[in-house]
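> File run.cif below, mmCIF, C-alpha atoms:
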```
data_target
loop_
_atom_site.label_atom_id
_atom_site.label_comp_id
_atom_site.auth_asym_id
_atom_site.auth_seq_id
_atom_site.Cartn_x
_atom_site.Cartn_y
_atom_site.Cartn_z
CA MET A 1 -105.63 -4.78 48.57
CA GLY A 2 -106.79 -7.84 46.75
CA ASN A 3 -109.42 -10.50 47.26
CA ASN A 4 -108.88 -12.11 50.67
CA MET A 5 -111.48 -14.88 50.46
CA PRO A 6 -110.29 -18.52 50.86
CA LYS A 7 -109.22 -20.12 47.59
CA THR A 8 -107.64 -23.50 48.41
CA TRP A 9 -108.07 -26.39 50.85
CA ILE A 10 -105.13 -24.99 52.82
CA ASN A 11 -107.00 -21.72 53.32
CA TYR A 12 -110.02 -23.60 54.70
CA LEU A 13 -107.68 -25.63 56.91
CA GLN A 14 -106.29 -22.33 58.20
CA MET A 15 -109.80 -21.20 59.07
CA PHE A 16 -110.59 -24.46 60.89
CA GLY A 17 -107.31 -24.34 62.82
CA ASP A 18 -107.79 -20.68 63.80
CA VAL A 19 -111.19 -21.42 65.34
CA LEU A 20 -109.99 -24.63 67.02
CA ILE A 21 -106.96 -22.91 68.57
CA LEU A 22 -109.16 -19.97 69.64
CA ASN A 23 -111.54 -22.16 71.60
CA ALA A 24 -108.72 -24.26 73.06
CA ALA A 25 -106.91 -21.08 74.16
CA VAL A 26 -110.07 -19.75 75.84
CA ALA A 27 -110.56 -23.04 77.70
CA LEU A 28 -106.91 -23.14 78.77
CA ALA A 29 -107.04 -19.50 79.92
CA PHE A 30 -110.09 -20.18 82.10
CA THR A 31 -108.37 -23.28 83.50
CA LEU A 32 -105.10 -21.53 84.33
CA ARG A 33 -106.93 -18.65 85.98
CA ARG A 34 -109.41 -21.00 87.71
CA ASP A 35 -112.31 -18.82 86.63
CA TRP A 36 -114.66 -21.51 85.32
CA ILE A 37 -117.24 -20.24 87.78
CA TYR A 38 -118.11 -17.43 85.34
CA PHE A 39 -118.49 -19.89 82.49
CA LEU A 40 -120.60 -22.39 84.45
CA ALA A 41 -122.85 -19.65 85.84
CA ASN A 42 -124.32 -19.07 82.38
CA THR A 43 -123.11 -21.84 80.09
CA GLU A 44 -125.47 -21.13 77.17
CA LEU A 45 -124.48 -17.47 77.03
CA HIS A 46 -120.77 -18.30 77.07
CA ILE A 47 -121.16 -20.91 74.33
CA ALA A 48 -123.03 -18.33 72.22
CA ALA A 49 -120.20 -15.88 72.94
CA LEU A 50 -117.59 -18.42 71.81
CA ILE A 51 -119.48 -18.83 68.54
CA ALA A 52 -119.52 -15.03 68.17
CA PHE A 53 -115.78 -14.88 68.94
CA SER A 54 -115.10 -17.55 66.31
CA LEU A 55 -117.04 -15.62 63.67
CA LEU A 56 -115.31 -12.39 64.72
CA THR A 57 -111.92 -14.07 64.34
CA ILE A 58 -112.77 -15.33 60.84
CA PHE A 59 -114.02 -11.87 59.83
CA ILE A 60 -110.93 -10.01 61.12
CA PHE A 61 -108.48 -12.59 59.75
CA ASN A 62 -110.18 -12.43 56.37
CA PHE A 63 -110.06 -8.63 56.36
CA TYR A 64 -106.30 -8.72 56.93
CA GLY A 65 -105.71 -11.28 54.18
CA LEU A 66 -105.00 -14.33 56.34
CA TYR A 67 -107.05 -16.59 54.09
CA ASN A 68 -105.15 -15.65 50.95
CA THR A 69 -101.56 -16.43 51.82
CA ALA A 70 -100.09 -18.10 48.72
CA ASN A 71 -97.72 -15.24 47.85
CA LYS A 72 -97.12 -13.84 51.34
CA ASP A 73 -94.14 -14.25 53.66
CA TRP A 74 -94.02 -14.88 57.39
CA THR A 75 -93.57 -11.18 58.30
CA ASP A 76 -96.83 -10.33 56.54
CA ILE A 77 -98.56 -13.22 58.33
CA LEU A 78 -97.26 -12.29 61.79
CA SER A 79 -98.15 -8.62 61.43
CA ALA A 80 -101.67 -9.53 60.33
CA VAL A 81 -102.06 -11.94 63.27
CA PHE A 82 -100.86 -9.29 65.73
CA ILE A 83 -103.19 -6.52 64.58
CA SER A 84 -106.08 -9.02 64.30
CA LEU A 85 -105.52 -10.04 67.92
CA VAL A 86 -105.67 -6.38 68.98
CA PHE A 87 -109.03 -5.90 67.28
CA PHE A 88 -110.29 -9.21 68.66
CA SER A 89 -109.56 -7.95 72.18
CA PHE A 90 -111.53 -4.79 71.45
CA GLY A 91 -114.38 -6.96 70.18
CA VAL A 92 -114.42 -9.06 73.35
CA ALA A 93 -114.42 -5.90 75.47
CA ALA A 94 -117.30 -4.48 73.43
CA ILE A 95 -119.38 -7.66 73.79
CA THR A 96 -118.72 -7.69 77.54
CA TYR A 97 -119.86 -4.06 77.76
CA VAL A 98 -122.99 -4.52 75.60
CA ILE A 99 -124.21 -7.69 77.38
CA PRO A 100 -124.31 -6.96 81.13
CA SER A 101 -124.93 -10.60 82.08
CA TYR A 102 -121.83 -11.77 80.17
CA ILE A 103 -118.51 -11.69 82.03
CA PHE A 104 -115.15 -12.36 80.40
CA PRO A 105 -112.63 -11.55 83.18
CA ARG A 106 -109.80 -9.27 82.09
CA ARG A 107 -107.18 -11.55 83.62
CA VAL A 108 -108.57 -14.42 81.55
CA LEU A 109 -108.49 -12.24 78.42
CA PHE A 110 -104.86 -11.32 79.10
CA THR A 111 -103.91 -14.98 79.63
CA PHE A 112 -105.82 -15.92 76.48
CA GLU A 113 -103.85 -13.39 74.43
CA LEU A 114 -100.55 -14.73 75.76
CA ILE A 115 -101.61 -18.23 74.68
CA TYR A 116 -103.50 -17.56 71.46
CA GLY A 117 -101.06 -15.07 69.89
CA PRO A 118 -97.97 -17.33 69.83
CA ALA A 119 -100.06 -20.47 69.17
CA VAL A 120 -101.89 -19.14 66.11
CA ALA A 121 -98.71 -17.44 64.81
CA LEU A 122 -96.80 -20.75 65.06
CA TRP A 123 -99.72 -22.57 63.42
CA ARG A 124 -99.84 -20.06 60.56
CA CYS A 125 -96.07 -20.13 59.94
CA LEU A 126 -96.15 -23.93 59.91
CA LEU A 127 -99.01 -23.94 57.40
CA LEU A 128 -97.23 -21.32 55.31
CA MET A 129 -94.20 -23.61 54.99
CA ILE A 130 -96.48 -26.53 54.06
CA GLU A 131 -98.36 -24.37 51.55
CA HIS A 132 -95.14 -23.23 49.89
CA ARG A 133 -93.88 -26.82 49.69
CA LEU A 134 -97.11 -28.30 48.35
CA THR A 135 -98.03 -25.48 45.97
CA PRO A 136 -96.21 -25.99 42.66
CA ALA A 137 -94.50 -23.00 41.12
CA GLN A 138 -96.66 -21.35 38.47
CA LYS A 139 -95.41 -21.09 34.91
CA VAL A 140 -95.50 -17.51 33.63
CA ILE A 141 -95.29 -15.87 30.22
CA ILE A 142 -94.88 -12.09 29.96
CA ALA A 143 -96.26 -10.15 26.99
CA ALA A 144 -94.73 -6.67 26.96
CA LYS A 145 -92.54 -4.20 25.16
CA PRO A 146 -88.79 -4.89 25.54
CA GLU A 147 -88.15 -1.97 27.91
CA GLU A 148 -90.90 -3.17 30.29
CA ILE A 149 -89.81 -6.80 30.54
CA PRO A 150 -87.18 -6.44 33.32
CA THR A 151 -89.64 -4.52 35.52
CA LEU A 152 -92.46 -7.04 35.07
CA ALA A 153 -90.08 -9.99 35.50
CA GLY A 154 -88.95 -8.43 38.77
CA LYS A 155 -92.47 -8.90 40.14
CA LEU A 156 -92.05 -12.68 40.03
CA ASN A 157 -90.89 -14.55 43.12
CA GLY A 158 -89.88 -18.07 44.10
CA HIS A 159 -93.40 -19.33 43.39
CA HIS A 160 -93.12 -18.47 39.70
CA ILE A 161 -91.16 -19.89 36.78
CA LEU A 162 -90.65 -17.56 33.84
CA LEU A 163 -91.06 -19.58 30.65
CA GLY A 164 -90.22 -16.59 28.48
CA VAL A 165 -91.60 -13.45 26.90
CA ILE A 166 -93.78 -12.52 23.97
CA THR A 167 -92.37 -9.30 22.56
CA GLU A 168 -90.70 -7.78 19.52
CA GLN A 169 -88.44 -9.97 17.38
CA SER A 170 -85.44 -7.72 17.97
CA PHE A 171 -85.39 -8.43 21.73
CA ARG A 172 -82.37 -10.51 22.75
CA GLU A 173 -81.70 -11.12 26.44
CA ALA A 174 -80.55 -14.43 27.92
CA ALA A 175 -82.35 -13.86 31.22
CA TYR A 176 -85.72 -13.48 29.45
CA PRO A 177 -86.05 -16.00 26.59
CA ASN A 178 -87.91 -14.54 23.63
CA LEU A 179 -90.58 -17.09 22.75
CA GLY A 180 -91.76 -15.15 19.74
CA THR A 181 -93.63 -12.08 18.57
CA TYR A 182 -97.18 -10.95 19.27
CA THR A 183 -98.44 -12.51 16.05
CA GLU A 184 -97.22 -15.91 17.24
CA ALA A 185 -99.07 -15.75 20.57
CA GLU A 186 -101.51 -18.58 19.76
CA GLU A 187 -98.75 -21.04 18.87
CA ILE A 188 -96.74 -20.02 21.94
CA LEU A 189 -99.64 -20.48 24.39
CA THR A 190 -100.54 -23.82 22.78
CA ALA A 191 -96.98 -25.11 23.09
CA CYS A 192 -96.11 -23.73 26.56
CA ARG A 193 -99.44 -24.04 28.42
CA PRO A 194 -98.60 -21.37 31.02
CA ASP A 195 -100.46 -20.97 34.30
CA ILE A 196 -100.23 -17.16 34.13
CA VAL A 197 -99.94 -14.66 31.30
CA LEU A 198 -98.82 -11.21 32.49
CA ILE A 199 -99.73 -8.56 29.92
CA SER A 200 -98.45 -4.98 29.85
CA GLY A 201 -101.09 -2.29 29.62
CA ASN A 202 -98.88 -0.32 27.23
CA LEU A 203 -99.21 -2.79 24.38
CA PRO A 204 -101.42 -1.72 21.45
CA GLU A 205 -105.10 -2.47 22.07
CA GLU A 206 -105.37 -4.99 19.23
CA ILE A 207 -102.45 -7.01 20.63
CA LYS A 208 -103.83 -6.98 24.18
CA SER A 209 -107.25 -8.01 22.94
CA LYS A 210 -105.81 -10.83 20.86
CA ILE A 211 -103.72 -12.28 23.71
CA ALA A 212 -106.58 -11.85 26.21
CA LEU A 213 -109.04 -13.67 23.93
CA LEU A 214 -106.50 -16.45 23.33
CA GLY A 215 -105.97 -16.76 27.08
CA LEU A 216 -109.66 -17.46 27.59
CA THR A 217 -109.34 -20.63 25.49
CA PHE A 218 -106.53 -21.99 27.70
CA PRO A 219 -106.65 -22.98 31.39
CA CYS A 220 -104.55 -20.01 32.52
CA THR A 221 -104.98 -16.80 34.48
CA LEU A 222 -104.57 -13.47 32.69
CA TYR A 223 -103.15 -10.45 34.50
CA ILE A 224 -103.23 -7.13 32.64
CA VAL A 225 -101.34 -4.16 34.07
CA PRO A 226 -103.91 -1.38 33.50
CA ASN A 227 -103.14 1.88 31.76
CA LEU A 228 -104.88 5.13 32.61
CA TYR A 229 -107.80 4.51 30.27
CA GLU A 230 -108.40 0.99 31.60
CA ILE A 231 -108.35 2.23 35.20
CA MET A 232 -111.05 4.77 34.36
CA VAL A 233 -113.16 2.15 32.55
CA GLY A 234 -112.74 -0.46 35.29
CA GLN A 235 -115.83 -0.74 37.52
CA SER A 236 -117.50 2.11 35.63
CA ALA A 237 -121.27 2.27 35.66
CA LEU A 238 -122.97 0.85 32.59
CA ASP A 239 -125.22 3.57 31.24
CA GLN A 240 -127.17 4.40 28.10
CA PHE A 241 -126.64 7.27 25.65
CA GLN A 242 -129.83 7.46 23.62
CA ASP A 243 -130.16 3.85 22.42
CA THR A 244 -126.44 2.97 22.73
CA PRO A 245 -124.97 1.19 25.78
CA VAL A 246 -122.04 3.18 27.19
CA TYR A 247 -119.69 3.23 30.17
CA GLN A 248 -120.00 6.35 32.31
CA ILE A 249 -116.51 7.48 33.28
CA ARG A 250 -115.94 10.07 35.99
CA LEU A 251 -114.19 10.45 39.31
CA ASN A 252 -116.21 9.42 42.33
CA HIS A 253 -117.62 12.85 43.28
CA HIS A 254 -120.91 12.90 45.18
CA PRO A 255 -122.71 15.87 46.79
CA GLY A 256 -121.88 16.06 50.48
CA ARG A 257 -119.23 13.33 50.41
CA ALA A 258 -116.37 15.84 50.56
CA GLN A 259 -117.92 17.40 53.66
CA ILE A 260 -118.32 14.00 55.30
CA LYS A 261 -114.69 13.16 54.50
CA ARG A 262 -113.56 16.46 56.01
CA VAL A 263 -115.47 15.87 59.24
CA ILE A 264 -114.06 12.34 59.54
CA ASP A 265 -110.54 13.65 58.85
CA CYS A 266 -110.77 16.23 61.63
CA LEU A 267 -112.24 13.78 64.14
CA VAL A 268 -109.61 11.13 63.41
CA ALA A 269 -106.78 13.70 63.51
CA VAL A 270 -107.88 15.10 66.90
CA VAL A 271 -108.31 11.63 68.44
CA ILE A 272 -104.90 10.40 67.23
CA LEU A 273 -103.17 13.62 68.35
CA ILE A 274 -104.62 13.22 71.85
CA LEU A 275 -103.83 9.50 72.11
CA THR A 276 -100.28 9.90 70.82
CA LEU A 277 -99.39 13.05 72.79
CA PRO A 278 -97.00 11.18 75.17
CA ILE A 279 -95.30 9.55 72.16
CA THR A 280 -94.86 12.83 70.30
CA LEU A 281 -93.38 14.51 73.40
CA LEU A 282 -90.88 11.67 73.84
CA ALA A 283 -90.00 11.80 70.14
CA ALA A 284 -89.40 15.55 70.31
CA VAL A 285 -87.13 15.19 73.36
CA ALA A 286 -85.21 12.29 71.76
CA ILE A 287 -84.59 14.27 68.55
CA LYS A 288 -83.41 17.34 70.45
CA LEU A 289 -81.05 15.40 72.72
CA THR A 290 -79.43 13.22 70.05
CA SER A 291 -79.04 15.47 67.01
CA PRO A 292 -78.35 19.19 66.57
CA GLY A 293 -81.06 21.05 64.68
CA PRO A 294 -84.82 21.66 64.88
CA VAL A 295 -87.29 19.02 66.10
CA PHE A 296 -89.61 19.47 63.13
CA TYR A 297 -88.79 19.25 59.44
CA VAL A 298 -90.88 21.54 57.24
CA GLN A 299 -90.91 20.85 53.52
CA GLU A 300 -92.88 22.15 50.54
CA ARG A 301 -95.23 19.61 48.96
CA VAL A 302 -97.85 19.61 46.19
CA GLY A 303 -101.48 18.89 47.03
CA ARG A 304 -104.86 19.06 45.38
CA ASN A 305 -105.06 21.14 42.20
CA HIS A 306 -101.26 21.51 42.39
CA ARG A 307 -101.56 23.85 45.38
CA ARG A 308 -98.31 23.99 47.33
CA PHE A 309 -98.22 23.76 51.11
CA MET A 310 -95.68 23.22 53.89
CA LEU A 311 -95.73 19.66 55.27
CA TYR A 312 -94.72 18.95 58.88
CA LYS A 313 -92.70 15.93 59.99
CA PHE A 314 -90.41 15.03 62.85
CA ARG A 315 -86.84 15.50 61.64
CA THR A 316 -85.26 12.09 60.99
CA MET A 317 -82.15 13.18 59.09
CA VAL A 318 -79.16 15.26 60.04
CA HIS A 319 -79.79 18.99 59.85
CA ASN A 320 -79.42 20.41 56.30
CA ALA A 321 -79.13 16.88 54.89
CA GLU A 322 -79.52 18.09 51.30
CA ALA A 323 -77.16 21.06 51.53
CA ALA A 324 -74.50 19.28 49.46
CA THR A 325 -76.65 17.06 47.22
CA GLY A 326 -79.79 19.06 46.54
CA PRO A 327 -83.21 17.36 46.48
CA VAL A 328 -82.83 13.55 46.42
CA LEU A 329 -85.19 10.77 47.44
CA ALA A 330 -84.43 8.89 50.65
CA LYS A 331 -83.21 5.33 50.21
CA ARG A 332 -82.73 2.27 52.40
CA ASN A 333 -79.86 2.53 54.87
CA ASP A 334 -79.51 6.23 54.00
CA SER A 335 -76.47 7.55 55.89
CA ARG A 336 -78.24 10.89 56.42
CA ILE A 337 -80.84 9.29 58.71
CA THR A 338 -80.07 9.56 62.44
CA LYS A 339 -80.38 6.63 64.86
CA VAL A 340 -83.50 8.11 66.43
CA GLY A 341 -84.78 8.99 62.97
CA ARG A 342 -84.44 5.40 61.82
CA PHE A 343 -86.69 4.30 64.68
CA LEU A 344 -89.18 7.09 64.03
CA ARG A 345 -89.39 6.12 60.35
CA ALA A 346 -89.77 2.41 61.10
CA THR A 347 -92.65 3.08 63.50
CA ARG A 348 -94.16 5.92 61.38
CA ILE A 349 -93.99 8.25 64.39
CA ASP A 350 -92.28 10.83 62.16
CA GLU A 351 -95.57 11.19 60.24
CA LEU A 352 -97.66 12.24 63.26
CA PRO A 353 -97.13 16.03 62.83
CA GLN A 354 -98.90 15.73 59.46
CA LEU A 355 -102.14 15.50 61.44
CA LEU A 356 -101.71 19.27 61.86
CA ASN A 357 -101.74 19.53 58.05
CA VAL A 358 -105.00 17.60 58.10
CA LEU A 359 -106.57 20.02 60.59
CA LYS A 360 -105.34 22.96 58.49
CA GLY A 361 -107.01 21.49 55.40
CA ASP A 362 -103.78 20.92 53.48
CA MET A 363 -104.26 17.15 53.46
CA SER A 364 -106.67 14.34 54.20
CA ILE A 365 -106.06 11.22 56.28
CA VAL A 366 -106.38 9.08 53.13
CA GLY A 367 -105.23 10.11 49.68
CA PRO A 368 -102.19 10.12 47.38
CA ARG A 369 -98.97 10.91 49.21
CA PRO A 370 -97.90 14.49 48.41
CA GLU A 371 -94.58 14.85 46.61
CA ARG A 372 -92.07 17.69 46.48
CA PRO A 373 -92.43 20.11 43.54
CA VAL A 374 -89.12 19.04 41.97
CA PHE A 375 -90.21 15.40 41.84
CA VAL A 376 -93.73 16.27 40.67
CA GLU A 377 -92.23 18.10 37.71
CA ARG A 378 -89.99 15.12 36.93
CA TYR A 379 -92.77 12.53 37.18
CA GLN A 380 -95.14 14.61 35.07
CA LYS A 381 -92.59 14.38 32.26
CA GLU A 382 -91.76 10.70 32.78
CA VAL A 383 -95.08 9.13 33.87
CA PRO A 384 -98.13 9.65 31.61
CA GLY A 385 -101.19 10.74 33.57
CA TYR A 386 -99.25 11.67 36.72
CA THR A 387 -100.96 15.05 36.96
CA TYR A 388 -104.36 13.39 37.54
CA ARG A 389 -103.38 12.26 41.04
CA HIS A 390 -103.74 15.92 42.07
CA THR A 391 -107.49 15.94 41.42
CA ILE A 392 -108.11 14.91 45.06
CA ASP A 393 -106.63 15.81 48.44
CA ALA A 394 -103.23 14.40 49.32
CA GLY A 395 -103.15 12.02 52.29
CA ILE A 396 -101.03 10.71 55.13
CA THR A 397 -101.78 7.18 53.98
CA GLY A 398 -103.32 5.80 50.83
CA LEU A 399 -104.03 2.79 48.66
CA ALA A 400 -100.49 2.89 47.27
CA GLN A 401 -99.09 2.70 50.81
CA VAL A 402 -101.15 -0.29 51.97
CA ALA A 403 -101.03 -2.25 48.70
CA GLY A 404 -97.57 -1.31 47.49
CA LYS A 405 -94.07 -1.51 48.93
CA TYR A 406 -91.19 0.86 49.59
CA SER A 407 -89.71 -0.02 46.20
CA THR A 408 -92.99 0.26 44.24
CA SER A 409 -92.38 2.30 41.10
CA PRO A 410 -93.96 5.77 40.59
CA GLU A 411 -95.97 4.25 37.72
CA ASP A 412 -97.54 1.59 39.94
CA LYS A 413 -98.12 4.06 42.78
CA LEU A 414 -99.92 6.27 40.27
CA ARG A 415 -102.15 3.35 39.29
CA TYR A 416 -103.13 2.85 42.94
CA ASP A 417 -103.71 6.59 43.39
CA LEU A 418 -106.00 6.73 40.35
CA LEU A 419 -107.88 3.63 41.49
CA TYR A 420 -108.45 5.35 44.83
CA ALA A 421 -109.48 8.63 43.17
CA LYS A 422 -112.05 6.75 41.12
CA GLY A 423 -113.52 4.75 43.99
CA CYS A 424 -112.96 6.87 47.10
CA SER A 425 -115.67 6.81 49.74
CA PRO A 426 -115.85 6.99 53.56
CA LEU A 427 -116.05 3.19 53.73
CA PHE A 428 -113.05 2.81 51.42
CA ASP A 429 -111.14 5.32 53.57
CA LEU A 430 -111.95 3.32 56.70
CA ARG A 431 -110.71 0.14 55.07
CA ILE A 432 -107.42 1.80 54.11
CA MET A 433 -107.01 3.24 57.63
CA LEU A 434 -107.45 -0.20 59.18
CA GLN A 435 -105.04 -1.76 56.70
CA THR A 436 -102.52 0.97 57.56
CA LEU A 437 -102.35 -0.35 61.13
CA LYS A 438 -100.94 -3.61 59.76
CA VAL A 439 -98.64 -1.85 57.30
CA ILE A 440 -96.96 0.01 60.20
CA LEU A 441 -95.50 -3.33 61.33
CA LEU A 442 -94.02 -4.17 57.92
CA LYS A 443 -90.54 -2.82 57.17
CA ASP A 444 -90.81 -3.16 53.39
CA LYS A 445 -93.90 -0.94 53.36
CA ALA A 446 -92.10 2.07 54.79
CA SER A 447 -91.94 5.09 52.50
#
```
Would you encode the structure as structure tokens?

Amino acid sequence: MGNNMPKTWINYLQMFGDVLILNAAVALAFTLRRDWIYFLANTELHIAALIAFSLLTIFIFNFYGLYNTANKDWTDILSAVFISLVFFSFGVAAITYVIPSYIFPRRVLFTFELIYGPAVALWRCLLLMIEHRLTPAQKVIIAAKPEEIPTLAGKLNGHHILLGVITEQSFREAAYPNLGTYTEAEEILTACRPDIVLISGNLPEEIKSKIALLGLTFPCTLYIVPNLYEIMVGQSALDQFQDTPVYQIRLNHHPGRAQIKRVIDCLVAVVILILTLPITLLAAVAIKLTSPGPVFYVQERVGRNHRRFMLYKFRTMVHNAEAATGPVLAKRNDSRITKVGRFLRATRIDELPQLLNVLKGDMSIVGPRPERPVFVERYQKEVPGYTYRHTIDAGITGLAQVAGKYSTSPEDKLRYDLLYAKGCSPLFDLRIMLQTLKVILLKDKAS
């Protein structure tokens, strides 16, 4: 999910503007509603509350990545602003409830939201355009095996300029200029002076070490795509074996933590099922009226320890969609998806029946997404280490869903799944759940 802390003067300007617009919107809301009597009745308390609201805004905006916007687009910004505003409203309501002498009228809160939401969204989009114009494109060099270069180059966007690649001498591709081989890395970095060096985790260790050490002598940022071993070593506890310093590598298993996770899963599942009951009833009726076939789609998936179970979803495709093709992954603009199904997928309503899987113990709220047996068998052959994602419970949402995209490769999704398996905790689960609320609003995150 990345480091969301401010990094540039634009990020600090964003913070200043957010707080300024917040206080201006509160003042305007009180003025339009002519409710200054509440403010003047206890001025000191309301000023203290405004300070608390400002800090709450900064905290929520930072959590949703609004102070690290260099490589984000306006849809990501707007979705983060929207969900932040929802939580801000809950925070105001909580403060009003906890402090009996403090009154923030609901009509003023509603007016404030109508003012602050569009104002801060416009402010953020304006700053995003300025940031993109003022931030120079970063020069990038990729160090990877020939077969990995197109995939890594595809991660670059309009804010990057690919200078070329460091790879094997035999590589010849006009789109990716070959700057030289691994042994020539020092001369290449000296001549090109890149801002970023993107290194594949599949290179031999001696080559990665050499390029990484060279990168430390130049004013550039190194990004290494981790392999399975490096994921396990990352953030491992430094321990001691006799008189030798060692890294202790193991999955994040702690006594009682599984029981705590199970209790949280059941509580969250029950609460969401109750709150979304009207939505699920409407979805069921809409599916039945617009498309022949059952309301629910039941499909075999693979969970923890490779145990198979039947996963429940609202049906979003035509009945017997795979009768002619056999098992195939869904794709964008898939003709098999119904009109109602397209809406259910976009809003994630089709996933709600999986809460029943959670209550049954088949899945958790947070964990690697369970795949179908046919695809598990394929990925186990194609993706080294894929089987290790089944060491923990599958989930409705996960780190790969909130940090990745619809088009994220199985290899990168596996990296996220293993990072989660290594660092899972109730607090980490809560963070992923809250990030999922924002992801629901982003089309390119759907999977």
> Which residue gives the smallest distance to A:Glu230 among A:Thr391, A:Asn202, A:Thr31, A:Gln259, with all atoms listed in the file counted?
A:Asn202
> Starting from the displayed file, determine the output of the PyMOL selection byres ((chain A and resi 125-129) around 9) and express the residue list as a ChimeraX atom specification.
/A:10,13-14,69-70,72-74,77-78,120-124,130-134
> If you measure from atom CA of A:Trp36 to atom CA of A:Phe88, what distance in Å do you get, rounded to one decimal?
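Spanning atom CA of A:Trp36 to atom CA of A:Phe88 is a straight-line distance of 21.2 Å.
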> How far is it from atom CA of A:Tyr386 to atom CA of A:Lys413, in Å with one decimal?
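So the answer is 9.8 Å.
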> Could you give me, as a short mmCIF file (atom, residue, chain, number, x, y, z; two decimals) with C-alpha atoms, keeping the file's coordinate frame, the residues within 12 Å of A:Ile249, counting only C-alpha atoms and dropping anything in the same chain fewer than 5 positions from it?

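Output below, filename part.cif:
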```cif
data_model
loop_
_atom_site.label_atom_id
_atom_site.label_comp_id
_atom_site.auth_asym_id
_atom_site.auth_seq_id
_atom_site.Cartn_x
_atom_site.Cartn_y
_atom_site.Cartn_z
CA LEU A 228 -104.88 5.13 32.61
CA TYR A 229 -107.80 4.51 30.27
CA GLU A 230 -108.40 0.99 31.60
CA ILE A 231 -108.35 2.23 35.20
CA MET A 232 -111.05 4.77 34.36
CA VAL A 233 -113.16 2.15 32.55
CA GLY A 234 -112.74 -0.46 35.29
CA GLN A 235 -115.83 -0.74 37.52
CA SER A 236 -117.50 2.11 35.63
CA ALA A 237 -121.27 2.27 35.66
CA LEU A 238 -122.97 0.85 32.59
CA ASP A 239 -125.22 3.57 31.24
CA LYS A 422 -112.05 6.75 41.12
CA GLY A 423 -113.52 4.75 43.99
#
```
> Calculated over all atoms listed in the file, which of the candidates A:Val26, A:Met15, A:Leu198, A:Leu20 has the smallest distance to A:Thr111?
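Looking only at the distances to A:Thr111, the closest residue turns out to be A:Val26.
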> Expand the PyMOL selection byres ((chain A and resi 150) around 12) into the individual residues it matches in the shown file, reporting them as a short mmCIF file (atom, residue, chain, number, x, y, z; two decimals) with C-alpha atoms, keeping the file's coordinate frame.

```cif
data_model
loop_
_atom_site.label_atom_id
_atom_site.label_comp_id
_atom_site.auth_asym_id
_atom_site.auth_seq_id
_atom_site.Cartn_x
_atom_site.Cartn_y
_atom_site.Cartn_z
CA ILE A 142 -94.88 -12.09 29.96
CA ALA A 143 -96.26 -10.15 26.99
CA ALA A 144 -94.73 -6.67 26.96
CA LYS A 145 -92.54 -4.20 25.16
CA PRO A 146 -88.79 -4.89 25.54
CA GLU A 147 -88.15 -1.97 27.91
CA GLU A 148 -90.90 -3.17 30.29
CA ILE A 149 -89.81 -6.80 30.54
CA THR A 151 -89.64 -4.52 35.52
CA LEU A 152 -92.46 -7.04 35.07
CA ALA A 153 -90.08 -9.99 35.50
CA GLY A 154 -88.95 -8.43 38.77
CA LYS A 155 -92.47 -8.90 40.14
CA LEU A 156 -92.05 -12.68 40.03
CA LEU A 162 -90.65 -17.56 33.84
CA GLY A 164 -90.22 -16.59 28.48
CA VAL A 165 -91.60 -13.45 26.90
CA PHE A 171 -85.39 -8.43 21.73
CA GLU A 173 -81.70 -11.12 26.44
CA ALA A 174 -80.55 -14.43 27.92
CA ALA A 175 -82.35 -13.86 31.22
CA TYR A 176 -85.72 -13.48 29.45
CA PRO A 177 -86.05 -16.00 26.59
CA SER A 200 -98.45 -4.98 29.85
#
```
> Can you work out the spacing between atom CA of A:Asn23 and atom CA of A:Phe63 in Å, to one decimal?
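So the answer is 20.4 Å.
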> Would you fill the gaps in stretch 361-368 of chain A so it has N, CA and C atoms, then print it as a JSON list (two decimals), keeping the file's coordinate frame?

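Wrote it out as selection01.json, contents follow:
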```json
[["chain", "number", "residue", "atom", "x", "y", "z"],
["A", 361, "GLY", "N", -106.35, 21.66, 56.69],
["A", 361, "GLY", "CA", -107.01, 21.49, 55.40],
["A", 361, "GLY", "C", -106.06, 21.29, 54.25],
["A", 362, "ASP", "N", -104.75, 21.16, 54.55],
["A", 362, "ASP", "CA", -103.78, 20.92, 53.48],
["A", 362, "ASP", "C", -103.90, 19.50, 52.93],
["A", 363, "MET", "N", -104.25, 18.56, 53.81],
["A", 363, "MET", "CA", -104.26, 17.15, 53.46],
["A", 363, "MET", "C", -105.49, 16.47, 54.03],
["A", 364, "SER", "N", -105.66, 15.22, 53.63],
["A", 364, "SER", "CA", -106.67, 14.34, 54.20],
["A", 364, "SER", "C", -105.94, 13.20, 54.92],
["A", 365, "ILE", "N", -106.67, 12.41, 55.68],
["A", 365, "ILE", "CA", -106.06, 11.22, 56.28],
["A", 365, "ILE", "C", -105.69, 10.23, 55.19],
["A", 366, "VAL", "N", -106.60, 10.05, 54.21],
["A", 366, "VAL", "CA", -106.38, 9.08, 53.13],
["A", 366, "VAL", "C", -106.37, 9.81, 51.80],
["A", 367, "GLY", "N", -105.36, 9.51, 51.00],
["A", 367, "GLY", "CA", -105.23, 10.11, 49.68],
["A", 367, "GLY", "C", -103.83, 9.85, 49.14],
["A", 368, "PRO", "N", -103.54, 10.29, 47.93],
["A", 368, "PRO", "CA", -102.19, 10.12, 47.38],
["A", 368, "PRO", "C", -101.17, 10.86, 48.22]]
```
